[in-house]
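Below: entry-v2.cif (mmCIF, C-alpha atoms and all ligand atoms)
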```cif
data_run
loop_
_atom_site.label_atom_id
_atom_site.label_comp_id
_atom_site.auth_asym_id
_atom_site.auth_seq_id
_atom_site.Cartn_x
_atom_site.Cartn_y
_atom_site.Cartn_z
CA MET A 23 28.90 8.35 -15.75
CA THR A 24 26.62 5.53 -14.61
CA ALA A 25 24.06 4.23 -17.03
CA LYS A 26 20.42 4.30 -15.97
CA LYS A 27 19.35 0.85 -14.82
CA VAL A 28 16.54 -0.63 -16.85
CA ASP A 29 13.62 -2.40 -15.15
CA GLU A 30 14.09 -5.51 -17.22
CA ILE A 31 17.46 -6.87 -16.21
CA VAL A 32 17.28 -9.61 -18.85
CA LYS A 33 15.41 -9.59 -22.13
CA VAL A 34 15.77 -12.34 -24.71
CA THR A 35 14.16 -12.24 -28.10
CA ASN A 36 13.78 -15.17 -30.47
CA LEU A 37 16.67 -16.96 -28.79
CA LYS A 38 17.88 -20.11 -30.53
CA LYS A 39 20.64 -22.61 -29.88
CA TYR A 40 21.17 -25.48 -32.28
CA PHE A 41 23.90 -28.00 -31.46
CA GLU A 42 25.34 -29.85 -34.41
CA VAL A 43 24.99 -33.61 -33.99
CA GLU A 44 28.29 -35.45 -34.23
CA ARG A 45 28.38 -37.88 -37.16
CA ASP A 46 30.76 -40.73 -37.78
CA ILE A 47 32.61 -41.02 -41.07
CA ILE A 48 30.01 -43.34 -42.65
CA GLN A 49 27.18 -40.98 -41.79
CA LYS A 50 29.22 -38.11 -43.23
CA LEU A 51 29.75 -40.00 -46.50
CA SER A 52 26.18 -41.20 -46.80
CA SER A 53 24.53 -37.85 -46.18
CA LYS A 54 25.66 -34.32 -46.78
CA THR A 55 23.16 -32.66 -44.51
CA LYS A 56 24.24 -31.75 -41.01
CA ARG A 57 21.77 -32.46 -38.26
CA TYR A 58 21.08 -30.29 -35.25
CA VAL A 59 19.63 -30.64 -31.77
CA LYS A 60 17.30 -27.68 -31.48
CA ALA A 61 17.91 -27.25 -27.75
CA VAL A 62 16.40 -23.76 -27.64
CA ASP A 63 14.22 -22.84 -30.56
CA GLY A 64 12.85 -19.31 -30.57
CA VAL A 65 12.35 -18.26 -26.99
CA SER A 66 11.40 -14.73 -25.88
CA PHE A 67 10.87 -13.44 -22.35
CA SER A 68 12.09 -10.80 -19.96
CA ILE A 69 13.08 -10.86 -16.30
CA LYS A 70 12.31 -7.86 -14.14
CA ARG A 71 14.84 -6.59 -11.66
CA GLY A 72 14.28 -8.11 -8.22
CA GLU A 73 12.06 -10.98 -9.27
CA VAL A 74 12.51 -14.74 -9.20
CA PHE A 75 11.86 -16.02 -12.69
CA GLY A 76 11.30 -19.76 -12.86
CA LEU A 77 12.09 -21.85 -15.91
CA VAL A 78 10.38 -25.22 -15.57
CA GLY A 79 10.22 -28.27 -17.80
CA GLU A 80 11.12 -31.92 -18.14
CA SER A 81 14.67 -33.13 -18.70
CA GLY A 82 16.00 -32.06 -22.09
CA SER A 83 13.51 -29.24 -22.61
CA GLY A 84 16.30 -26.67 -22.95
CA LYS A 85 16.34 -24.97 -19.54
CA THR A 86 20.07 -25.17 -18.88
CA THR A 87 20.91 -24.17 -22.44
CA THR A 88 18.70 -21.07 -22.07
CA GLY A 89 20.45 -20.18 -18.81
CA ARG A 90 23.92 -20.69 -20.27
CA LEU A 91 23.02 -18.48 -23.23
CA ILE A 92 21.88 -15.68 -20.92
CA ILE A 93 25.07 -15.68 -18.87
CA ASN A 94 27.04 -15.90 -22.11
CA ILE A 95 28.86 -19.18 -21.46
CA ILE A 96 27.68 -20.27 -24.91
CA GLN A 97 26.78 -18.22 -27.98
CA PRO A 98 23.31 -18.26 -29.52
CA THR A 99 22.64 -19.56 -33.03
CA GLU A 100 20.18 -16.70 -33.41
CA GLY A 101 18.43 -14.08 -31.34
CA GLU A 102 19.13 -11.18 -29.03
CA ILE A 103 20.11 -11.16 -25.35
CA LEU A 104 19.93 -7.87 -23.49
CA PHE A 105 21.42 -7.62 -20.00
CA ASP A 106 20.49 -4.34 -18.35
CA GLY A 107 19.80 -3.03 -21.85
CA ILE A 108 23.20 -4.10 -23.23
CA ASP A 109 23.25 -6.51 -26.17
CA LEU A 110 25.53 -9.34 -25.02
CA THR A 111 25.85 -10.86 -28.48
CA THR A 112 27.89 -7.88 -29.70
CA LEU A 113 30.33 -7.35 -26.81
CA SER A 114 34.11 -7.71 -26.93
CA LYS A 115 35.87 -10.04 -24.45
CA GLY A 116 36.92 -7.13 -22.24
CA GLU A 117 33.43 -5.64 -22.14
CA MET A 118 31.99 -9.07 -21.40
CA LYS A 119 34.38 -9.59 -18.48
CA LYS A 120 33.00 -6.44 -16.80
CA ILE A 121 29.43 -7.60 -17.29
CA ARG A 122 30.17 -11.16 -16.19
CA LYS A 123 31.01 -9.86 -12.73
CA ARG A 124 27.39 -8.74 -12.48
CA MET A 125 25.99 -12.21 -13.29
CA GLN A 126 26.83 -15.37 -11.40
CA VAL A 127 25.72 -18.97 -11.41
CA ILE A 128 24.84 -21.65 -8.88
CA PHE A 129 24.90 -25.11 -10.42
CA GLN A 130 23.18 -28.25 -9.28
CA ASP A 131 26.19 -30.23 -8.18
CA PRO A 132 28.27 -28.48 -5.50
CA TYR A 133 30.90 -31.21 -5.74
CA ALA A 134 31.51 -30.58 -9.41
CA SER A 135 31.41 -26.80 -8.87
CA LEU A 136 34.25 -26.82 -6.33
CA ASN A 137 37.83 -27.83 -6.99
CA PRO A 138 38.46 -30.78 -4.62
CA ARG A 139 42.09 -29.71 -4.08
CA MET A 140 41.27 -26.11 -3.22
CA LYS A 141 40.44 -25.03 0.30
CA ILE A 142 37.10 -23.26 0.80
CA GLY A 143 38.82 -19.97 1.65
CA LYS A 144 40.88 -20.00 -1.52
CA ALA A 145 37.80 -20.89 -3.61
CA LEU A 146 35.98 -17.89 -2.16
CA ILE A 147 38.72 -15.31 -2.62
CA GLN A 148 39.66 -16.47 -6.11
CA PRO A 149 36.97 -14.39 -7.90
CA LEU A 150 38.19 -11.33 -5.94
CA GLU A 151 41.76 -12.02 -7.07
CA ILE A 152 40.71 -12.41 -10.69
CA HIS A 153 38.88 -9.09 -10.59
CA ARG A 154 41.61 -7.47 -8.45
CA ILE A 155 39.28 -6.45 -5.67
CA GLY A 156 40.75 -5.63 -2.24
CA THR A 157 44.04 -6.46 -0.51
CA PRO A 158 44.74 -10.05 0.62
CA GLY A 159 43.58 -9.12 4.13
CA GLU A 160 40.38 -7.50 2.89
CA ARG A 161 39.65 -10.50 0.68
CA LYS A 162 39.91 -12.85 3.61
CA ASP A 163 37.63 -10.61 5.67
CA MET A 164 35.03 -10.56 2.90
CA ALA A 165 35.15 -14.34 2.59
CA LEU A 166 34.79 -14.87 6.35
CA ARG A 167 31.86 -12.48 6.56
CA LEU A 168 30.13 -14.17 3.67
CA LEU A 169 30.64 -17.64 5.19
CA GLU A 170 28.91 -16.44 8.31
CA HIS A 171 26.16 -14.88 6.20
CA VAL A 172 25.34 -18.19 4.52
CA GLY A 173 25.27 -19.97 7.87
CA LEU A 174 28.69 -21.65 7.79
CA THR A 175 30.10 -21.23 11.25
CA PRO A 176 32.63 -20.88 12.67
CA PRO A 177 33.83 -19.25 9.43
CA GLU A 178 37.52 -19.41 10.42
CA ILE A 179 37.29 -23.20 10.59
CA ILE A 180 35.26 -23.64 7.38
CA TYR A 181 37.75 -21.35 5.61
CA THR A 182 40.53 -23.91 6.10
CA LYS A 183 38.54 -27.01 5.04
CA TYR A 184 38.53 -28.88 1.75
CA PRO A 185 35.18 -29.54 -0.01
CA HIS A 186 35.18 -33.26 0.94
CA GLN A 187 35.39 -32.31 4.62
CA LEU A 188 31.97 -30.63 4.43
CA SER A 189 28.47 -32.08 4.14
CA GLY A 190 26.52 -31.76 0.87
CA GLY A 191 24.36 -28.98 2.29
CA GLN A 192 27.43 -27.10 3.54
CA ARG A 193 29.09 -27.44 0.15
CA GLN A 194 26.06 -25.93 -1.57
CA ARG A 195 26.22 -23.03 0.89
CA VAL A 196 29.85 -22.50 -0.13
CA VAL A 197 28.80 -22.46 -3.79
CA ILE A 198 26.13 -19.87 -2.96
CA ALA A 199 28.66 -17.77 -1.04
CA ARG A 200 31.11 -17.91 -3.93
CA ALA A 201 28.39 -16.77 -6.34
CA LEU A 202 27.74 -13.74 -4.15
CA ILE A 203 31.28 -12.64 -3.30
CA LEU A 204 31.42 -10.25 -6.27
CA HIS A 205 28.01 -8.79 -5.35
CA PRO A 206 26.28 -9.71 -8.60
CA GLU A 207 22.88 -8.37 -9.61
CA PHE A 208 21.72 -11.46 -11.44
CA VAL A 209 22.10 -15.09 -10.39
CA LEU A 210 21.35 -18.11 -12.53
CA ALA A 211 20.39 -20.93 -10.15
CA ASP A 212 20.25 -24.15 -12.16
CA GLU A 213 18.52 -26.85 -10.06
CA PRO A 214 20.31 -25.46 -6.99
CA ILE A 215 18.72 -27.87 -4.51
CA ALA A 216 18.33 -30.98 -6.65
CA MET A 217 21.38 -32.73 -5.19
CA ALA A 218 20.71 -31.70 -1.60
CA ASP A 219 19.27 -33.98 1.01
CA VAL A 220 15.48 -33.60 1.22
CA SER A 221 15.79 -32.25 4.76
CA MET A 222 18.18 -29.53 3.54
CA ARG A 223 16.14 -28.33 0.57
CA VAL A 224 13.75 -25.95 2.29
CA LEU A 225 16.62 -24.49 4.33
CA LEU A 226 18.64 -23.83 1.18
CA LEU A 227 15.65 -22.21 -0.54
CA GLU A 228 15.03 -20.04 2.52
CA LEU A 229 18.67 -19.04 2.54
CA MET A 230 18.54 -18.12 -1.14
CA MET A 231 15.43 -16.00 -0.59
CA LYS A 232 17.00 -14.24 2.41
CA LEU A 233 20.13 -13.48 0.39
CA LYS A 234 18.02 -12.22 -2.49
CA GLU A 235 16.63 -9.49 -0.24
CA GLU A 236 19.95 -8.68 1.43
CA PHE A 237 21.92 -8.53 -1.82
CA ASN A 238 19.15 -7.10 -4.06
CA LEU A 239 19.37 -10.07 -6.41
CA THR A 240 17.36 -11.19 -9.39
CA TYR A 241 17.19 -14.97 -9.88
CA LEU A 242 16.67 -17.07 -12.95
CA PHE A 243 15.61 -20.21 -11.15
CA ILE A 244 15.74 -23.42 -13.17
CA THR A 245 13.94 -26.48 -11.88
CA HIS A 246 12.09 -29.51 -13.20
CA ASP A 247 9.96 -29.42 -10.07
CA LEU A 248 6.84 -27.26 -9.95
CA ALA A 249 6.54 -27.67 -6.19
CA THR A 250 9.94 -26.00 -5.77
CA ALA A 251 9.00 -23.30 -8.28
CA LYS A 252 5.82 -22.62 -6.32
CA TYR A 253 7.86 -22.00 -3.22
CA VAL A 254 10.11 -19.31 -4.68
CA CYS A 255 9.06 -17.90 -8.07
CA ASP A 256 7.23 -14.70 -8.96
CA MET A 257 7.04 -15.47 -12.68
CA ILE A 258 7.15 -18.85 -14.34
CA ALA A 259 7.81 -20.06 -17.88
CA ILE A 260 7.03 -23.65 -18.85
CA MET A 261 9.40 -25.10 -21.46
CA TYR A 262 8.79 -28.03 -23.73
CA LEU A 263 11.28 -29.19 -26.37
CA GLY A 264 13.06 -25.88 -26.76
CA LYS A 265 9.94 -23.70 -26.69
CA ILE A 266 8.03 -21.80 -24.04
CA VAL A 267 4.47 -23.13 -24.00
CA GLU A 268 3.13 -20.97 -21.18
CA ILE A 269 4.39 -17.99 -19.22
CA GLY A 270 2.86 -15.84 -16.53
CA LYS A 271 2.80 -14.79 -12.92
CA LEU A 272 3.21 -17.86 -10.74
CA LYS A 273 -0.11 -17.38 -9.01
CA ASP A 274 -1.98 -17.04 -12.33
CA VAL A 275 -0.34 -20.10 -13.87
CA PHE A 276 -1.05 -22.19 -10.77
CA LYS A 277 -4.62 -20.95 -10.37
CA ASN A 278 -5.50 -21.02 -14.04
CA PRO A 279 -3.10 -23.20 -16.05
CA LEU A 280 -3.92 -22.89 -19.75
CA HIS A 281 -1.65 -25.26 -21.66
CA PRO A 282 -2.53 -28.99 -21.48
CA TYR A 283 1.13 -29.65 -20.66
CA THR A 284 1.08 -27.22 -17.73
CA LYS A 285 -2.16 -28.77 -16.49
CA ALA A 286 -0.62 -32.21 -16.63
CA LEU A 287 2.54 -31.08 -14.82
CA LEU A 288 0.47 -29.41 -12.11
CA SER A 289 -1.72 -32.43 -11.61
CA ALA A 290 1.41 -34.53 -11.13
CA ILE A 291 2.49 -32.57 -8.03
CA PRO A 292 1.94 -34.99 -5.17
CA ILE A 293 -0.91 -33.98 -2.87
CA PRO A 294 -0.79 -35.46 0.63
CA ASP A 295 -4.38 -36.71 0.56
CA PRO A 296 -5.19 -40.35 -0.30
CA GLU A 297 -8.79 -39.41 -1.29
CA HIS A 298 -7.56 -36.96 -3.91
CA LYS A 299 -7.99 -38.16 -7.48
CA ARG A 300 -5.86 -36.68 -10.24
CA LYS A 301 -7.95 -35.01 -12.92
CA ILE A 302 -5.45 -35.21 -15.77
CA GLU A 303 -2.88 -37.90 -16.13
CA ILE A 304 0.70 -36.92 -16.86
CA PRO A 305 1.08 -37.23 -20.64
CA LYS A 306 2.16 -40.64 -21.82
CA GLY A 307 5.44 -41.30 -23.54
CA GLU A 308 8.90 -39.86 -23.60
CA ILE A 309 9.72 -36.35 -24.70
CA PRO A 310 10.19 -36.67 -28.47
CA ASN A 311 13.61 -36.30 -30.02
CA PRO A 312 14.77 -32.66 -30.23
CA ILE A 313 16.73 -33.47 -33.41
CA ASN A 314 13.51 -34.11 -35.23
CA PRO A 315 10.72 -32.52 -33.21
CA PRO A 316 7.07 -33.20 -34.06
CA SER A 317 5.51 -30.93 -36.69
CA GLY A 318 3.11 -28.17 -35.69
CA CYS A 319 2.73 -28.05 -31.94
CA ARG A 320 5.56 -30.11 -30.48
CA PHE A 321 3.34 -31.37 -27.72
CA HIS A 322 0.64 -32.80 -30.02
CA PRO A 323 1.71 -36.48 -29.86
CA ARG A 324 1.17 -36.43 -26.08
CA CYS A 325 -1.78 -34.05 -25.93
CA PRO A 326 -5.21 -35.30 -24.84
CA TYR A 327 -6.86 -32.34 -26.63
CA LYS A 328 -5.12 -32.76 -29.99
CA MET A 329 -6.96 -31.26 -32.99
CA ASP A 330 -6.14 -31.50 -36.71
CA ILE A 331 -4.49 -28.09 -36.79
CA CYS A 332 -2.07 -29.09 -34.04
CA GLU A 333 -0.08 -31.39 -36.33
CA LYS A 334 0.14 -28.76 -39.05
CA GLU A 335 0.63 -25.34 -37.52
CA GLU A 336 2.86 -24.25 -34.73
CA PRO A 337 0.85 -22.21 -32.23
CA PRO A 338 2.39 -18.81 -31.43
CA LEU A 339 2.65 -17.58 -27.85
CA LYS A 340 -0.51 -15.56 -27.38
CA ILE A 341 -1.35 -13.13 -24.57
CA ILE A 342 -4.51 -14.28 -22.80
CA ASP A 343 -4.47 -12.06 -19.77
CA GLU A 344 -2.11 -9.45 -18.40
CA GLU A 345 1.36 -11.08 -18.41
CA HIS A 346 -0.16 -14.55 -18.98
CA SER A 347 0.52 -16.14 -22.37
CA VAL A 348 0.07 -19.58 -23.87
CA ALA A 349 1.09 -21.29 -27.10
CA CYS A 350 -1.86 -23.60 -27.83
CA HIS A 351 -4.46 -23.81 -30.61
CA LEU A 352 -7.22 -24.25 -28.02
CA PHE A 353 -6.88 -20.49 -27.51
CA ASP A 354 -6.94 -19.42 -31.19
N1 LIG B 1 26.75 -29.09 -25.69
C1 LIG B 1 25.74 -29.79 -26.23
N2 LIG B 1 25.93 -30.46 -27.38
C2 LIG B 1 24.91 -31.16 -27.94
N3 LIG B 1 23.67 -31.22 -27.44
C3 LIG B 1 23.42 -30.57 -26.29
C4 LIG B 1 24.45 -29.81 -25.63
N4 LIG B 1 23.91 -29.27 -24.50
C5 LIG B 1 22.61 -29.67 -24.48
N5 LIG B 1 22.32 -30.44 -25.55
C6 LIG B 1 21.00 -31.04 -25.86
O1 LIG B 1 20.05 -29.99 -25.86
C7 LIG B 1 18.83 -30.42 -25.29
C8 LIG B 1 18.47 -29.52 -24.13
O2 LIG B 1 19.42 -29.72 -23.09
P1 LIG B 1 19.40 -28.91 -21.72
O3 LIG B 1 20.56 -29.36 -20.93
O4 LIG B 1 19.28 -27.45 -22.01
O5 LIG B 1 18.03 -29.41 -21.06
P2 LIG B 1 17.46 -29.23 -19.58
O6 LIG B 1 16.06 -28.75 -19.73
O7 LIG B 1 18.39 -28.39 -18.78
O8 LIG B 1 17.44 -30.73 -19.03
P3 LIG B 1 17.75 -31.31 -17.56
O9 LIG B 1 16.49 -31.10 -16.76
O10 LIG B 1 18.01 -32.75 -17.82
O11 LIG B 1 18.92 -30.57 -17.01
C9 LIG B 1 19.02 -31.88 -24.91
O12 LIG B 1 18.49 -32.69 -25.94
C10 LIG B 1 20.52 -32.01 -24.81
O13 LIG B 1 20.93 -33.33 -25.10
MG MG B 2 19.52 -28.74 -17.07
#
```
Please rewrite the model in this file as structure tokens.
Amino acid sequence: MTAKKVDEIVKVTNLKKYFEVERDIIQKLSSKTKRYVKAVDGVSFSIKRGEVFGLVGESGSGKTTTGRLIINIIQPTEGEILFDGIDLTTLSKGEMKKIRKRMQVIFQDPYASLNPRMKIGKALIQPLEIHRIGTPGERKDMALRLLEHVGLTPPEIIYTKYPHQLSGGQRQRVVIARALILHPEFVLADEPIAMADVSMRVLLLELMMKLKEEFNLTYLFITHDLATAKYVCDMIAIMYLGKIVEIGKLKDVFKNPLHPYTKALLSAIPIPDPEHKRKIEIPKGEIPNPINPPSGCRFHPRCPYKMDICEKEEPPLKIIDEEHSVACHLFD
């Protein structure tokens, strides 16, 4: 019996991940209270099958942690994660192994993602071996076909190379191929082009979009760069210090950004026109410390529109328009 596929391939509700801060012995003796980095602090959203869902925010905002929670590499402190309607937080190891085959990941650094002592061919067939798919001959065939598919030709030659014998762009193509060899439904792409040469970036994005259609994929696309998000995403969520501050269809968020943080991020995208003046400056200052985030709205110390209430009350995510929500007291 096959279960009916739900439209929302991923649904997270009130997701939280707190990391305990390491303390030295003196700190342990002087204070009993443990301290936590609230990396993800009450995030809810869903990803529809077939879409590219972008998670955007500055360094340390909690994007990678959110992604790792969804693919179940780490366990949440609190909250629910549904994958195709199945609650991942309650699964046994065996059940999780079956589901994991359906979700794969492409990390930022192709060098770190590939074992330097393993030939490309072996790296590609390894997931098939682990999941006992095909005979050795069939596995090799699948790997060769996939290499060709991601533009690595001649595949027979690439198959015998070590990672260091390839260029950075080629290595990232290998990482993409390896993510697809088990025919997953969902791919977490965490800054997949950040390490690539500028000239390679658009090509890699185009490849990922082509593969999305051919393999019927859904992407959770993590990036700190709104220009990249604009190129690929259908939906976009803006994260700040462990919270989503705005979420909506990409075109709505770009045309009508609501949160002051989103507006500032958008105005920071370089525009190739020397006459163009930026309307809003990127907010001053560093992102505050996630161990002790600001009270009320976490963005208030950097916000040009700060009101009294912003220091006191945390704004909930509020629906403004169809599928477009913002967490900001300006919209109370
Ligand atoms: N394993 C961990 N132990 C302790 N703290 C962690 C751990 N992983 C992440 N953090 C902290 O959680 C916060 C969010 O980190 P995360 O990596 O999710 O951010 P990010 O948005 O992906 O940033 P970047 O753009 O730099 O990749 C940071 O303050 C980080 O230091
Ligand atoms: Mg990250």
Practice prompt. May I have the residues within 10 Å of ligand MG 2 (chain B), computed using only C-alpha atoms and all ligand atoms, as an MDAnalysis selection string?
Written response: chainID A and resid 78:90 129:130 212:213 244:246
Fill in: range 30-33 of chain A surroundings by all atoms listed in the file, 6 Å radius, close-in-sequence under 6 positions cut, as a ChimeraX atom specification
/A:67-71,103-106
Worksheet entry | Within 10 Å of range 141-144 of chain A using only C-alpha atoms, minus same-chain residues under 4 positions, as a ChimeraX atom specification | /A:136-137,148-149,151,161-162,165-166,169,177-188,193,196-197,200
Practice prompt. For range 345-347 of chain A, work out the shell of residues within 7 Å, counting all atoms listed in the file and skipping chain neighbours fewer than 6 positions away, then give it as number ranges by chain.
Written response: A: 268-271, 339
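Note that the spacing between CA of Ile258 in chain A and CA of Ser135 in chain A amounts to 26.1 Å.
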Worksheet item: For ligand LIG 1 (chain B), which residue out of A:Ala290, A:Leu37, A:Met261, A:Leu225 is the nearest one, using all atoms listed in the file?
Response: A:Met261
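CA of Val74 in chain A is found 12.9 Å from CA of Lys273 in chain A.
Proximity of A:Asp256, A:Asp163, A:Asp46, A:Asp247 to ligand LIG 1 (chain B), computed with all atoms listed in the file, is greatest for A:Asp247.
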Write a file for range 324-341 of chain A, containing N, CA and C atoms (output as a short mmCIF file (atom, residue, chain, number, x, y, z; two decimals), in the first residue's frame).
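Just written: selection-v6.cif:
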```cif
data_model
loop_
_atom_site.label_atom_id
_atom_site.label_comp_id
_atom_site.auth_asym_id
_atom_site.auth_seq_id
_atom_site.Cartn_x
_atom_site.Cartn_y
_atom_site.Cartn_z
N ARG A 324 18.25 47.66 15.96
CA ARG A 324 18.77 48.09 14.67
C ARG A 324 17.68 48.73 13.80
N CYS A 325 16.48 48.86 14.35
CA CYS A 325 15.35 49.23 13.49
C CYS A 325 15.14 50.75 13.43
N PRO A 326 15.08 51.31 12.23
CA PRO A 326 14.86 52.76 12.11
C PRO A 326 13.43 53.18 12.49
N TYR A 327 12.51 52.22 12.60
CA TYR A 327 11.11 52.56 12.91
C TYR A 327 10.72 52.16 14.33
N LYS A 328 11.71 51.96 15.19
CA LYS A 328 11.45 51.43 16.54
C LYS A 328 10.41 52.27 17.30
N MET A 329 9.43 51.57 17.91
CA MET A 329 8.44 52.23 18.78
C MET A 329 8.60 51.66 20.19
N ASP A 330 7.91 52.25 21.15
CA ASP A 330 8.04 51.79 22.54
C ASP A 330 7.70 50.31 22.70
N ILE A 331 6.62 49.91 22.03
CA ILE A 331 6.13 48.53 22.18
C ILE A 331 7.18 47.50 21.71
N CYS A 332 8.03 47.93 20.80
CA CYS A 332 8.96 46.99 20.18
C CYS A 332 9.96 46.39 21.17
N GLU A 333 10.30 47.17 22.20
CA GLU A 333 11.23 46.66 23.22
C GLU A 333 10.53 45.70 24.17
N LYS A 334 9.20 45.84 24.26
CA LYS A 334 8.47 45.11 25.30
C LYS A 334 7.82 43.83 24.79
N GLU A 335 7.17 43.91 23.65
CA GLU A 335 6.39 42.77 23.18
C GLU A 335 6.96 42.20 21.91
N GLU A 336 6.99 40.87 21.88
CA GLU A 336 7.45 40.23 20.67
C GLU A 336 6.31 40.20 19.65
N PRO A 337 6.53 40.71 18.45
CA PRO A 337 5.44 40.71 17.47
C PRO A 337 5.22 39.30 16.89
N PRO A 338 3.97 38.83 16.87
CA PRO A 338 3.72 37.53 16.25
C PRO A 338 3.73 37.66 14.73
N LEU A 339 3.93 36.53 14.05
CA LEU A 339 3.85 36.52 12.58
C LEU A 339 2.38 36.68 12.20
N LYS A 340 2.09 37.71 11.43
CA LYS A 340 0.70 38.04 11.15
C LYS A 340 0.46 38.02 9.64
N ILE A 341 -0.63 37.38 9.22
CA ILE A 341 -0.93 37.31 7.78
C ILE A 341 -1.43 38.68 7.32
#
```
